[in-house]
$ cat entry_33.tsv   # TSV, C-alpha atoms and all ligand atoms
chain	number	residue	atom	x	y	z
A	235	MET	CA	-15.31	-8.08	-12.18
A	236	SER	CA	-12.97	-10.91	-12.98
A	237	THR	CA	-13.14	-13.64	-10.39
A	238	ASP	CA	-9.84	-15.33	-11.07
A	239	LEU	CA	-7.95	-13.23	-8.57
A	240	PRO	CA	-6.64	-14.96	-5.47
A	241	THR	CA	-8.73	-14.40	-2.38
A	242	PRO	CA	-6.85	-12.69	0.44
A	243	SER	CA	-6.26	-15.20	3.18
A	244	THR	CA	-6.34	-13.07	6.28
A	245	ARG	CA	-6.72	-14.94	9.51
A	246	LYS	CA	-9.22	-13.42	11.89
A	247	PRO	CA	-7.49	-12.35	15.10
A	248	VAL	CA	-8.38	-13.70	18.53
A	249	PRO	CA	-9.47	-11.02	21.04
A	250	GLY	CA	-6.62	-8.80	22.15
A	251	GLN	CA	-4.18	-10.14	19.58
A	252	LEU	CA	-2.07	-7.48	17.87
A	253	THR	CA	-0.58	-7.95	14.43
A	254	PHE	CA	2.21	-5.71	13.24
A	255	THR	CA	3.59	-7.77	10.40
A	256	ALA	CA	1.35	-8.37	7.45
A	257	PRO	CA	1.36	-11.83	5.87
A	258	ARG	CA	3.90	-11.95	3.04
A	259	ARG	CA	2.28	-11.25	-0.28
A	260	GLY	CA	3.40	-10.11	-3.70
A	261	LYS	CA	3.87	-6.43	-4.30
A	262	PRO	CA	1.84	-4.35	-6.74
A	263	PRO	CA	3.75	-2.91	-9.70
A	264	VAL	CA	5.76	0.22	-8.98
A	265	HIS	CA	3.87	3.40	-9.86
A	266	LEU	CA	5.06	6.94	-10.45
A	267	ALA	CA	3.47	7.99	-7.16
A	268	ASP	CA	5.73	5.52	-5.31
A	269	LEU	CA	8.78	7.46	-6.44
A	270	ASP	CA	10.25	10.84	-5.69
A	271	GLU	CA	11.37	13.12	-8.53
A	272	ALA	CA	14.82	11.56	-8.83
A	273	GLY	CA	13.31	8.07	-8.75
A	274	ARG	CA	10.83	8.91	-11.47
A	275	LYS	CA	13.52	10.29	-13.72
A	276	GLN	CA	15.63	7.19	-13.18
A	277	ALA	CA	12.69	4.88	-13.91
A	278	VAL	CA	11.84	6.71	-17.13
A	279	GLU	CA	15.47	6.58	-18.25
A	280	ALA	CA	15.65	2.87	-17.45
A	281	LEU	CA	12.78	2.46	-19.91
A	282	GLY	CA	14.91	4.14	-22.59
A	283	HIS	CA	13.25	7.56	-22.50
A	284	LYS	CA	14.56	11.04	-21.80
A	285	GLY	CA	14.47	12.00	-18.12
A	286	PHE	CA	12.21	15.00	-18.65
A	287	ARG	CA	9.37	12.65	-19.61
A	288	ALA	CA	9.02	11.95	-15.89
A	289	LYS	CA	7.90	15.50	-15.30
A	290	GLN	CA	5.44	15.35	-18.18
A	291	LEU	CA	3.96	12.15	-16.79
A	292	SER	CA	3.77	13.67	-13.30
A	293	THR	CA	1.91	16.65	-14.73
A	294	HIS	CA	-0.61	14.39	-16.42
A	295	TYR	CA	-1.14	12.37	-13.27
A	296	PHE	CA	-1.10	14.96	-10.48
A	297	GLU	CA	-2.33	18.06	-12.33
A	298	HIS	CA	-4.62	16.72	-15.03
A	299	LEU	CA	-5.50	13.50	-13.17
A	300	VAL	CA	-5.09	11.74	-16.50
A	301	THR	CA	-3.74	8.23	-17.12
A	302	ASP	CA	-4.99	7.71	-20.66
A	303	PRO	CA	-2.02	7.72	-23.08
A	304	GLU	CA	-4.28	9.05	-25.86
A	305	GLN	CA	-4.55	12.31	-23.98
A	306	MET	CA	-0.80	12.67	-23.50
A	307	THR	CA	-0.05	14.22	-26.86
A	308	ASP	CA	3.16	15.78	-25.58
A	309	LEU	CA	4.72	12.32	-25.31
A	310	PRO	CA	6.23	10.67	-28.40
A	311	LYS	CA	3.68	8.47	-30.12
A	312	GLY	CA	6.11	5.58	-30.41
A	313	GLY	CA	6.56	4.02	-26.96
A	314	ARG	CA	3.95	6.20	-25.30
A	315	ASP	CA	1.74	3.28	-24.38
A	316	GLU	CA	4.61	1.30	-22.82
A	317	LEU	CA	5.82	4.33	-20.93
A	318	VAL	CA	2.40	5.02	-19.50
A	319	SER	CA	1.65	1.41	-18.62
A	320	ALA	CA	5.04	1.09	-16.91
A	321	MET	CA	4.82	4.34	-14.96
A	322	LEU	CA	1.08	4.62	-14.33
A	323	PRO	CA	-0.18	1.05	-13.94
A	324	GLN	CA	-3.77	0.81	-12.78
A	325	LEU	CA	-3.55	-0.11	-9.10
A	326	LEU	CA	-7.16	0.39	-8.01
A	327	THR	CA	-10.00	-1.23	-9.88
A	328	PRO	CA	-13.34	0.29	-8.90
A	329	VAL	CA	-15.67	-2.44	-7.66
A	330	ARG	CA	-18.56	-0.22	-6.80
A	331	SER	CA	-19.52	3.10	-5.32
A	332	LEU	CA	-22.35	3.80	-2.93
A	333	GLU	CA	-24.09	7.09	-2.34
A	334	ALA	CA	-25.54	8.53	0.85
A	335	ASP	CA	-26.65	11.88	2.29
A	336	ASN	CA	-28.35	12.88	-0.98
A	337	GLY	CA	-25.23	12.30	-3.02
A	338	ARG	CA	-22.96	14.35	-0.76
A	339	THR	CA	-21.23	11.24	0.57
A	340	ILE	CA	-19.75	8.60	-1.71
A	341	LYS	CA	-18.07	5.40	-0.64
A	342	GLN	CA	-15.81	3.84	-3.23
A	343	VAL	CA	-14.71	0.22	-3.03
A	344	PHE	CA	-11.59	-0.80	-4.93
A	345	ARG	CA	-9.96	-4.12	-5.69
A	346	LEU	CA	-6.18	-4.19	-5.57
A	347	PHE	CA	-3.93	-6.22	-7.86
A	348	ASP	CA	-4.02	-9.23	-5.52
A	349	GLY	CA	-7.75	-9.21	-4.90
A	350	ALA	CA	-7.60	-7.36	-1.57
A	351	LEU	CA	-10.36	-4.76	-1.16
A	352	VAL	CA	-10.07	-1.24	0.21
A	353	GLU	CA	-12.57	1.53	0.69
A	354	SER	CA	-12.44	5.28	0.72
A	355	VAL	CA	-15.14	7.85	1.39
A	356	ILE	CA	-15.68	11.31	-0.13
A	357	MET	CA	-17.73	13.76	1.94
A	358	ARG	CA	-18.82	17.16	0.71
A	359	TYR	CA	-19.45	19.94	3.20
A	360	PRO	CA	-20.09	23.59	2.48
A	361	GLY	CA	-16.69	25.00	1.55
A	362	ARG	CA	-14.70	21.80	1.77
A	363	VAL	CA	-14.42	18.20	0.65
A	364	THR	CA	-13.01	15.62	3.03
A	365	MET	CA	-11.76	12.22	1.98
A	366	CYS	CA	-11.37	9.34	4.39
A	367	ILE	CA	-8.73	6.96	3.05
A	368	SER	CA	-7.27	3.55	3.87
A	369	SER	CA	-3.63	2.82	4.64
A	370	GLN	CA	-3.82	-0.97	4.97
A	371	ALA	CA	-6.06	-3.71	3.66
A	372	GLY	CA	-7.58	-4.78	6.96
A	373	CYS	CA	-5.95	-3.80	10.25
A	374	GLY	CA	-3.88	-5.56	12.89
A	375	MET	CA	-4.95	-3.45	15.87
A	376	ASN	CA	-8.01	-5.56	16.65
A	377	CYS	CA	-10.24	-2.97	18.34
A	378	PRO	CA	-13.35	-5.03	19.14
A	379	PHE	CA	-15.86	-2.31	18.16
A	380	CYS	CA	-14.33	-1.65	14.73
A	381	ALA	CA	-15.37	-3.59	11.63
A	382	THR	CA	-11.92	-3.40	10.03
A	383	GLY	CA	-10.27	-4.49	13.27
A	384	GLN	CA	-12.30	-7.69	13.19
A	385	GLU	CA	-11.04	-8.54	9.70
A	386	GLY	CA	-7.40	-8.82	10.68
A	387	LEU	CA	-4.51	-7.47	8.64
A	388	THR	CA	-4.31	-8.48	5.00
A	389	ARG	CA	-1.43	-6.24	3.98
A	390	ASN	CA	0.11	-2.80	3.95
A	391	LEU	CA	-0.82	-0.54	1.06
A	392	THR	CA	1.97	0.97	-1.00
A	393	ILE	CA	2.49	4.72	-1.26
A	394	ALA	CA	0.80	4.80	-4.66
A	395	GLU	CA	-2.15	2.69	-3.49
A	396	ILE	CA	-2.76	5.27	-0.77
A	397	VAL	CA	-2.27	8.27	-3.08
A	398	GLU	CA	-4.41	6.71	-5.82
A	399	GLN	CA	-7.45	6.83	-3.53
A	400	VAL	CA	-7.13	10.61	-3.31
A	401	VAL	CA	-6.46	10.96	-7.04
A	402	ALA	CA	-9.54	8.83	-7.74
A	403	GLY	CA	-11.53	11.09	-5.42
A	404	ALA	CA	-10.18	14.21	-7.13
A	405	ARG	CA	-11.18	12.76	-10.49
A	406	TYR	CA	-14.63	12.05	-9.17
A	407	LEU	CA	-14.96	15.65	-8.02
A	408	ARG	CA	-13.81	16.90	-11.36
A	409	SER	CA	-16.47	14.81	-13.04
A	410	GLY	CA	-19.04	16.97	-11.28
A	411	GLN	CA	-21.04	14.05	-9.91
A	412	LEU	CA	-20.88	15.02	-6.26
A	413	ALA	CA	-23.94	16.79	-4.93
A	414	GLY	CA	-24.01	19.57	-2.33
A	415	GLY	CA	-21.83	22.58	-1.72
A	416	ASN	CA	-22.81	26.24	-1.64
A	417	SER	CA	-22.77	29.02	-4.21
A	418	GLU	CA	-19.22	30.00	-3.30
A	419	ASP	CA	-18.12	26.41	-3.99
A	420	ARG	CA	-19.53	26.50	-7.48
A	421	GLU	CA	-17.20	29.29	-8.49
A	422	ALA	CA	-13.95	27.51	-7.75
A	423	PRO	CA	-13.07	24.08	-9.14
A	424	LEU	CA	-13.91	21.43	-6.57
A	425	ARG	CA	-10.85	19.99	-4.87
A	426	VAL	CA	-10.12	17.53	-2.12
A	427	SER	CA	-9.35	19.94	0.70
A	428	ASN	CA	-9.00	17.49	3.59
A	429	VAL	CA	-7.76	13.94	3.89
A	430	VAL	CA	-8.15	11.87	7.04
A	431	PHE	CA	-6.40	8.55	7.58
A	432	MET	CA	-9.54	7.16	9.16
A	433	GLY	CA	-10.40	4.48	6.67
A	434	MET	CA	-9.10	0.94	6.94
A	435	GLY	CA	-5.85	0.30	8.73
A	436	GLU	CA	-3.43	1.76	11.25
A	437	ALA	CA	-1.36	4.11	9.12
A	438	LEU	CA	1.41	4.48	11.69
A	439	ALA	CA	1.91	0.69	11.54
A	440	ASN	CA	2.59	1.24	7.82
A	441	TYR	CA	4.75	4.21	8.65
A	442	ARG	CA	7.08	4.66	5.69
A	443	GLN	CA	4.34	4.30	3.09
A	444	ALA	CA	1.92	6.53	4.97
A	445	VAL	CA	4.44	9.33	5.49
A	446	ASN	CA	5.59	9.18	1.89
A	447	ALA	CA	1.96	9.27	0.78
A	448	ILE	CA	1.58	12.44	2.85
A	449	ARG	CA	4.60	13.85	1.03
A	450	ARG	CA	3.03	13.05	-2.36
A	451	LEU	CA	-0.25	14.66	-1.30
A	452	THR	CA	1.46	17.83	-0.11
A	453	GLU	CA	4.30	18.32	-2.61
A	454	ALA	CA	3.66	21.10	-5.10
A	455	PRO	CA	2.48	19.96	-8.53
A	456	PRO	CA	3.67	18.37	-10.70
A	457	SER	CA	5.61	16.46	-8.05
A	458	GLY	CA	2.48	15.89	-5.96
A	459	LEU	CA	-1.10	17.00	-5.45
A	460	GLY	CA	-0.23	20.27	-3.70
A	461	MET	CA	-2.56	19.85	-0.74
A	462	SER	CA	-1.99	21.78	2.46
A	463	ALA	CA	-0.56	19.58	5.25
A	464	ARG	CA	-2.95	21.37	7.58
A	465	GLY	CA	-5.79	19.69	5.75
A	466	LEU	CA	-4.45	16.22	6.59
A	467	THR	CA	-5.21	14.21	9.71
A	468	MET	CA	-3.28	11.16	10.84
A	469	SER	CA	-5.38	9.00	13.12
A	470	THR	CA	-3.77	6.40	15.38
A	471	VAL	CA	-4.50	3.93	18.17
A	472	GLY	CA	-1.46	5.44	19.90
A	473	LEU	CA	1.75	3.87	18.60
A	474	VAL	CA	3.95	6.06	20.78
A	475	PRO	CA	7.33	5.75	19.02
A	476	ALA	CA	5.66	6.38	15.65
A	477	ILE	CA	3.89	9.48	16.99
A	478	ASP	CA	7.25	10.89	18.08
A	479	LYS	CA	8.78	10.01	14.73
A	480	LEU	CA	5.93	11.72	12.89
A	481	ALA	CA	6.37	14.85	14.98
A	482	ALA	CA	10.02	14.96	13.88
A	483	GLU	CA	9.16	14.75	10.15
A	484	GLY	CA	8.37	18.46	10.02
A	485	ILE	CA	5.05	18.00	8.21
A	486	PRO	CA	2.32	19.85	10.11
A	487	VAL	CA	-0.47	17.28	9.80
A	488	THR	CA	-3.07	17.04	12.54
A	489	LEU	CA	-2.77	14.09	14.89
A	490	ALA	CA	-5.90	12.28	16.04
A	491	LEU	CA	-5.55	9.88	18.95
A	492	SER	CA	-8.22	7.18	19.21
A	493	LEU	CA	-8.55	7.12	22.96
A	494	HIS	CA	-12.08	5.84	23.67
A	495	ALA	CA	-11.37	5.47	27.39
A	496	PRO	CA	-9.40	7.55	29.91
A	497	ASP	CA	-8.52	4.55	32.14
A	498	ASP	CA	-6.24	1.64	31.33
A	499	GLU	CA	-8.59	-1.05	32.52
A	500	LEU	CA	-11.25	-0.23	29.94
A	501	ARG	CA	-8.88	0.92	27.22
A	502	ASN	CA	-6.98	-2.37	27.39
A	503	GLU	CA	-10.18	-3.96	26.19
A	504	LEU	CA	-11.37	-1.35	23.68
A	505	VAL	CA	-7.99	-0.53	22.14
A	506	PRO	CA	-5.74	-3.56	22.74
A	507	ILE	CA	-2.54	-1.63	21.90
A	508	ASN	CA	-3.10	-0.02	25.30
A	509	THR	CA	-1.49	-3.09	26.86
A	510	ARG	CA	1.73	-1.88	25.22
A	511	TRP	CA	1.37	1.90	25.53
A	512	SER	CA	-0.94	3.06	28.30
A	513	VAL	CA	-3.40	5.94	28.32
A	514	ASP	CA	-0.86	8.21	30.02
A	515	GLU	CA	1.92	7.25	27.64
A	516	ALA	CA	-0.33	7.85	24.62
A	517	LEU	CA	-1.50	11.22	25.99
A	518	ASP	CA	2.09	12.25	26.76
A	519	ALA	CA	3.06	11.42	23.17
A	520	ALA	CA	0.06	13.38	21.86
A	521	TYR	CA	1.10	16.35	23.98
A	522	ARG	CA	4.68	16.13	22.71
A	523	TYR	CA	3.25	16.08	19.18
A	524	TYR	CA	1.45	19.32	19.94
A	525	GLN	CA	4.57	20.88	21.45
A	526	THR	CA	6.73	19.96	18.46
A	527	THR	CA	4.29	20.81	15.67
A	528	GLY	CA	2.04	23.45	17.21
A	529	ARG	CA	-0.91	21.51	15.82
A	530	ARG	CA	-3.83	21.02	18.17
A	531	VAL	CA	-4.42	17.29	18.71
A	532	SER	CA	-7.82	15.61	18.35
A	533	ILE	CA	-8.94	12.95	20.80
A	534	GLU	CA	-11.36	10.47	19.24
A	535	TYR	CA	-13.90	8.96	21.57
A	536	ALA	CA	-16.60	6.59	20.28
A	537	LEU	CA	-19.40	6.76	22.83
A	538	ILE	CA	-20.58	3.25	23.69
A	539	LYS	CA	-23.69	2.85	25.79
A	540	ASP	CA	-22.91	2.00	29.42
A	541	ILE	CA	-19.33	1.09	28.53
A	542	ASN	CA	-17.32	4.33	28.31
A	543	ASP	CA	-19.96	7.08	28.50
A	544	HIS	CA	-20.02	7.64	32.27
A	545	ALA	CA	-19.80	11.13	33.74
A	546	TRP	CA	-16.77	10.11	35.82
A	547	ARG	CA	-14.96	9.04	32.68
A	548	ALA	CA	-15.65	12.45	31.10
A	549	ASP	CA	-14.23	14.04	34.26
A	550	LEU	CA	-11.19	11.79	34.30
A	551	LEU	CA	-10.55	12.56	30.63
A	552	GLY	CA	-10.91	16.29	31.25
A	553	GLU	CA	-8.50	16.09	34.19
A	554	LYS	CA	-5.91	14.09	32.29
A	555	LEU	CA	-5.99	16.50	29.36
A	556	ASN	CA	-5.78	19.58	31.58
A	557	ALA	CA	-2.95	18.06	33.60
A	558	ARG	CA	-0.79	18.32	30.49
A	559	GLY	CA	-1.67	21.86	29.46
A	560	LYS	CA	-4.35	24.17	28.11
A	561	GLY	CA	-5.42	24.79	24.55
A	562	TRP	CA	-3.50	21.85	23.12
A	563	VAL	CA	-6.34	19.47	22.46
A	564	HIS	CA	-9.94	19.07	21.53
A	565	VAL	CA	-12.20	16.08	21.90
A	566	ASN	CA	-14.34	14.53	19.17
A	567	PRO	CA	-16.89	12.21	20.67
A	568	ILE	CA	-18.69	10.16	18.05
A	569	PRO	CA	-21.69	7.91	18.57
A	570	LEU	CA	-20.59	4.31	18.10
A	571	ASN	CA	-21.56	2.88	14.73
A	572	PRO	CA	-22.40	-0.63	15.81
A	573	THR	CA	-20.81	-3.25	13.57
A	574	PRO	CA	-22.90	-6.25	12.52
A	575	GLY	CA	-23.42	-8.58	15.48
A	576	SER	CA	-21.96	-6.06	17.91
A	577	LYS	CA	-22.89	-6.42	21.56
A	578	TRP	CA	-22.47	-2.66	21.89
A	579	THR	CA	-24.65	0.26	20.82
A	580	ALA	CA	-24.31	4.03	20.75
A	581	SER	CA	-24.89	6.03	23.91
A	582	ARG	CA	-28.26	7.65	24.37
A	583	LYS	CA	-28.41	11.24	23.06
A	584	GLY	CA	-28.91	12.67	26.57
A	585	VAL	CA	-25.90	10.78	27.87
A	586	GLU	CA	-23.85	11.92	24.90
A	587	GLN	CA	-24.87	15.51	25.59
A	588	GLN	CA	-23.93	15.18	29.24
A	589	PHE	CA	-20.55	13.73	28.32
A	590	VAL	CA	-19.92	16.69	26.04
A	591	GLU	CA	-21.01	19.21	28.64
A	592	ARG	CA	-18.84	17.63	31.30
A	593	LEU	CA	-15.78	17.96	29.10
A	594	ARG	CA	-16.65	21.54	28.23
A	595	ALA	CA	-17.01	22.29	31.93
A	596	HIS	CA	-13.34	21.30	32.22
A	597	GLY	CA	-12.61	23.85	29.49
A	598	ILE	CA	-11.99	21.24	26.80
A	599	PRO	CA	-13.30	22.20	23.33
A	600	THR	CA	-15.57	19.32	22.39
A	601	THR	CA	-17.53	18.67	19.21
A	602	VAL	CA	-19.53	15.60	18.36
A	603	ARG	CA	-18.31	14.22	15.06
A	604	ASP	CA	-20.95	13.57	12.43
A	605	THR	CA	-21.62	10.09	11.15
A	606	ARG	CA	-21.77	10.63	7.44
A	607	GLY	CA	-22.53	7.60	5.37
A	608	SER	CA	-23.58	5.22	8.12
A	609	ASP	CA	-26.35	3.85	5.89
A	610	ILE	CA	-23.80	2.72	3.31
A	611	ASP	CA	-21.42	1.27	5.91
A	612	GLY	CA	-19.21	4.20	5.03
A	613	ALA	CA	-19.05	5.71	8.49
A	614	CYS	CA	-16.14	5.52	10.88
A	615	GLY	CA	-15.18	2.01	11.75
A	616	GLN	CA	-17.60	0.42	9.35
A	617	LEU	CA	-15.27	-0.03	6.44
A	618	ALA	CA	-14.73	-3.71	5.85
A	619	ALA	CA	-13.87	-5.88	2.92
A	620	SER	CA	-17.33	-7.37	2.66
A	621	THR	CA	-18.10	-6.51	-0.93
A	622	ALA	CA	-16.66	-9.56	-2.66
B	701	LIG	N1	-6.29	2.98	12.98
B	701	LIG	C1	-6.68	4.37	13.05
B	701	LIG	C2	-7.77	4.71	12.04
B	701	LIG	C3	-9.00	3.94	12.33
B	701	LIG	S1	-10.59	4.52	11.89
B	701	LIG	C4	-7.18	4.69	14.44
B	701	LIG	O1	-7.48	3.77	15.18
B	701	LIG	O2	-7.26	5.85	14.80
B	701	LIG	C5	-10.80	6.12	12.52
B	701	LIG	C6	-11.59	6.28	13.79
B	701	LIG	O3	-12.85	5.58	13.81
B	701	LIG	C7	-10.82	5.77	15.00
B	701	LIG	O4	-10.91	6.75	16.00
B	701	LIG	C8	-11.59	4.55	15.37
B	701	LIG	O5	-11.40	4.20	16.71
B	701	LIG	C9	-13.00	4.96	15.06
B	701	LIG	N2	-13.94	3.86	14.98
B	701	LIG	C10	-13.67	2.57	14.66
B	701	LIG	N3	-14.78	1.83	14.72
B	701	LIG	C11	-15.78	2.65	15.09
B	701	LIG	C12	-17.17	2.47	15.28
B	701	LIG	N4	-17.72	1.27	15.13
B	701	LIG	N5	-17.91	3.54	15.64
B	701	LIG	C13	-17.32	4.75	15.79
B	701	LIG	N6	-16.02	4.99	15.60
B	701	LIG	C14	-15.25	3.96	15.26

$ encode --input "entry_33.tsv" --output "structure tokens"
Amino acid sequence: MSTDLPTPSTRKPVPGQLTFTAPRRGKPPVHLADLDEAGRKQAVEALGHKGFRAKQLSTHYFEHLVTDPEQMTDLPKGGRDELVSAMLPQLLTPVRSLEADNGRTIKQVFRLFDGALVESVIMRYPGRVTMCISSQAGCGMNCPFCATGQEGLTRNLTIAEIVEQVVAGARYLRSGQLAGGNSEDREAPLRVSNVVFMGMGEALANYRQAVNAIRRLTEAPPSGLGMSARGLTMSTVGLVPAIDKLAAEGIPVTLALSLHAPDDELRNELVPINTRWSVDEALDAAYRYYQTTGRRVSIEYALIKDINDHAWRADLLGEKLNARGKGWVHVNPIPLNPTPGSKWTASRKGVEQQFVERLRAHGIPTTVRDTRGSDIDGACGQLAASTA
């Protein structure tokens, strides 16, 4: 890796501090994935080429996952290199990848043009492949149990920087290096079936880029990757106006609300945005999201020993969810992945089980989320720019 890149100068946040505006930094070069079809055509024409080259380039990128001009024999030899380097600049430089779960989980670390680092994780399950991607370098939401939250916000990712993570994952799948799967999987080409915005960053604080990235992921090829919106999950601390805006976009992605506590007193500490939008306001927005989209909402709940794992909190959560309706929500408790130096640890298994049973007794579908990749710091909340 070259070391002459500037080091990101993120300031670490003080407890409770929220950061919405990223420090001003240069922008990465514009990439085909940043643009819609009309924009791509315009960009290609501005480079002195015929407009239909945009579609050819899109096909190479989104269908063939190719960026090597040598392989684009349908483009004119003269000017091909310039066209490709202008439209498909390399935005993510792989720094390293780490393997866990017998090769079924891969964490990839990338360096961006300005030296900022982002991580994404590929997880193979029988019948599906889920990618966990980043929407910001760092995060401004400052949740004290989350590794990324402790880093502060370096900057927003562009549309193409978000999309590129999925394309890189798709390329990795195509290379056949990912272990796992079942016999049925081996018959069909391996594809990224699910994408969760649960890597670094608060995607709804980078709203325009995140939503346009979703469009690129879901648009039919060659305009986009052609994924099903139902396979995508947007995870948020609960930025209420942005949740409402997302509901109105008409893209049926799943919403995950990182609740972690059913009462304001504790949630103010665990998820500082709660001082702006309370538990009830966040749950109301989540319910409205369900009403508008018909998509069942997920409630994320990291179980922290003796902090938020009490039976009464399970009851309060169950009551608050039921007060809004039936069948609109399910809860995903997850054992806390303690970050280095954390004063908190995961709940005991018995306590976790009791928490789950309590919620189920209220009629709330509840499934403990698995912690893939925790040994490579690739599990939820462990992604941090610590590779440099
Ligand atoms: N900003 C988004 C995405 C963050 S990561 C959000 O807050 O939802 C995705 C999930 O991992 C969130 O639910 C987050 O609260 C959770 N998480 C963060 N740190 C964690 C940790 N140390 N252990 C378990 N879950 C964690």

$ axis_aligned_box --input "entry_33.tsv" --around "ligand LIG 701 (chain B)" --padding-each-side "3 Å" --output "AutoDock Vina command-line options"
--center_x -12.1 --center_y 4.0 --center_z 14.3 --size_x 17.6 --size_y 11.5 --size_z 10.8

$ residues_near_ligand --input "entry_33.tsv" --ligand "ligand LIG 701 (chain B)" --cutoff "8 Å" --atoms "all atoms listed in the file" --output "ChimeraX atom specification"
/A:373,375,377,379-383,431-438,468-472,490-494,505,534-537,568-573,613-616

$ residues_around --input "entry_33.tsv" --residues "Pro475 in chain A" --least-positions-apart "6" --cutoff "12 Å" --atoms "all atoms listed in the file" --output "list in words"
Leu438, Ala439, Tyr441, Ala481, Ala482, Arg510, Trp511, Glu515, Ala516, Asp518, Ala519, Ala520, Arg522 and Tyr523 of chain A

$ residues_around --input "entry_33.tsv" --residues "Pro257 in chain A" --least-positions-apart "3" --cutoff "12 Å" --atoms "all atoms listed in the file" --output "PyMOL selection string"
chain A and resi 242-245+253-254+260-261+371-374+386-390

$ residues_around --input "entry_33.tsv" --residues "Pro328 in chain A" --least-positions-apart "6" --cutoff "9 Å" --atoms "all atoms listed in the file" --output "list of chain:residue names"
A:Gln342, A:Val343, A:Phe344, A:Arg345

$ closest_residue --input "entry_33.tsv" --among "A:Ile367, A:Leu252, A:Met321, A:Val602" --to "Ile507 in chain A" --atoms "only C-alpha atoms"
A:Leu252

$ closest_residue --input "entry_33.tsv" --among "A:Arg450, A:Arg358, A:Glu353, A:Gln305" --to "Asp335 in chain A" --atoms "only C-alpha atoms"
A:Arg358

$ closest_residue --input "entry_33.tsv" --among "A:Asn446, A:Ser457, A:Thr339, A:Ser409" --to "Ala288 in chain A" --atoms "only C-alpha atoms"
A:Ser457

$ closest_residue --input "entry_33.tsv" --among "A:Met365, A:Pro262, A:Ala394, A:Glu316" --to "His283 in chain A" --atoms "only C-alpha atoms"
A:Glu316

$ residues_around --input "entry_33.tsv" --residues "range 592-600 of chain A" --least-positions-apart "3" --cutoff "8 Å" --atoms "only C-alpha atoms" --output "ChimeraX atom specification"
/A:545,548-549,551-553,556,561,563-567,588-589

$ residues_near_point --input "entry_33.tsv" --point "(-4.2, 17.5, 11.6)" --cutoff "9 Å" --atoms "only C-alpha atoms" --output "PDB file with C-alpha atoms, keeping the file's coordinate frame"
ATOM      1  CA  VAL A 430      -8.150  11.870   7.040  1.00  0.00           C
ATOM      2  CA  ALA A 463      -0.560  19.580   5.250  1.00  0.00           C
ATOM      3  CA  ARG A 464      -2.950  21.370   7.580  1.00  0.00           C
ATOM      4  CA  GLY A 465      -5.790  19.690   5.750  1.00  0.00           C
ATOM      5  CA  LEU A 466      -4.450  16.220   6.590  1.00  0.00           C
ATOM      6  CA  THR A 467      -5.210  14.210   9.710  1.00  0.00           C
ATOM      7  CA  MET A 468      -3.280  11.160  10.840  1.00  0.00           C
ATOM      8  CA  SER A 469      -5.380   9.000  13.120  1.00  0.00           C
ATOM      9  CA  PRO A 486       2.320  19.850  10.110  1.00  0.00           C
ATOM     10  CA  VAL A 487      -0.470  17.280   9.800  1.00  0.00           C
ATOM     11  CA  THR A 488      -3.070  17.040  12.540  1.00  0.00           C
ATOM     12  CA  LEU A 489      -2.770  14.090  14.890  1.00  0.00           C
ATOM     13  CA  ALA A 490      -5.900  12.280  16.040  1.00  0.00           C
ATOM     14  CA  ARG A 529      -0.910  21.510  15.820  1.00  0.00           C
ATOM     15  CA  ARG A 530      -3.830  21.020  18.170  1.00  0.00           C
ATOM     16  CA  VAL A 531      -4.420  17.290  18.710  1.00  0.00           C
ATOM     17  CA  SER A 532      -7.820  15.610  18.350  1.00  0.00           C
TER      18      SER A 532
END

$ atom_distance --input "entry_33.tsv" --atom1 "CA of Ser427 in chain A" --atom2 "CA of Thr364 in chain A"
6.1 Å

$ residues_around --input "entry_33.tsv" --residues "Gly460 in chain A" --least-positions-apart "5" --cutoff "9 Å" --atoms "only C-alpha atoms" --output "VMD selection string"
chain A and resid 296 450 to 455

$ decode --input "entry_33.tsv" --residues "range 317-324 of chain A" --atoms "N, CA and C atoms" --output "PDB file, in the first residue's frame"
ATOM      1  N   LEU A 317     -11.785   6.438 -21.813  1.00  0.00           N
ATOM      2  CA  LEU A 317     -13.221   6.323 -21.510  1.00  0.00           C
ATOM      3  C   LEU A 317     -13.421   5.518 -20.224  1.00  0.00           C
ATOM      4  N   VAL A 318     -12.727   4.409 -20.143  1.00  0.00           N
ATOM      5  CA  VAL A 318     -12.893   3.546 -18.974  1.00  0.00           C
ATOM      6  C   VAL A 318     -12.327   4.223 -17.725  1.00  0.00           C
ATOM      7  N   SER A 319     -11.174   4.873 -17.851  1.00  0.00           N
ATOM      8  CA  SER A 319     -10.630   5.466 -16.623  1.00  0.00           C
ATOM      9  C   SER A 319     -11.454   6.670 -16.183  1.00  0.00           C
ATOM     10  N   ALA A 320     -12.136   7.331 -17.141  1.00  0.00           N
ATOM     11  CA  ALA A 320     -12.989   8.460 -16.752  1.00  0.00           C
ATOM     12  C   ALA A 320     -14.305   7.989 -16.141  1.00  0.00           C
ATOM     13  N   MET A 321     -14.851   6.906 -16.677  1.00  0.00           N
ATOM     14  CA  MET A 321     -16.186   6.471 -16.236  1.00  0.00           C
ATOM     15  C   MET A 321     -16.140   5.427 -15.104  1.00  0.00           C
ATOM     16  N   LEU A 322     -15.060   4.665 -15.067  1.00  0.00           N
ATOM     17  CA  LEU A 322     -14.974   3.605 -14.048  1.00  0.00           C
ATOM     18  C   LEU A 322     -13.674   3.735 -13.255  1.00  0.00           C
ATOM     19  N   PRO A 323     -13.450   4.910 -12.634  1.00  0.00           N
ATOM     20  CA  PRO A 323     -12.218   5.051 -11.861  1.00  0.00           C
ATOM     21  C   PRO A 323     -12.238   4.082 -10.673  1.00  0.00           C
ATOM     22  N   GLN A 324     -11.074   3.615 -10.282  1.00  0.00           N
ATOM     23  CA  GLN A 324     -11.039   2.712  -9.136  1.00  0.00           C
ATOM     24  C   GLN A 324     -11.235   3.523  -7.857  1.00  0.00           C
TER      25      GLN A 324
END
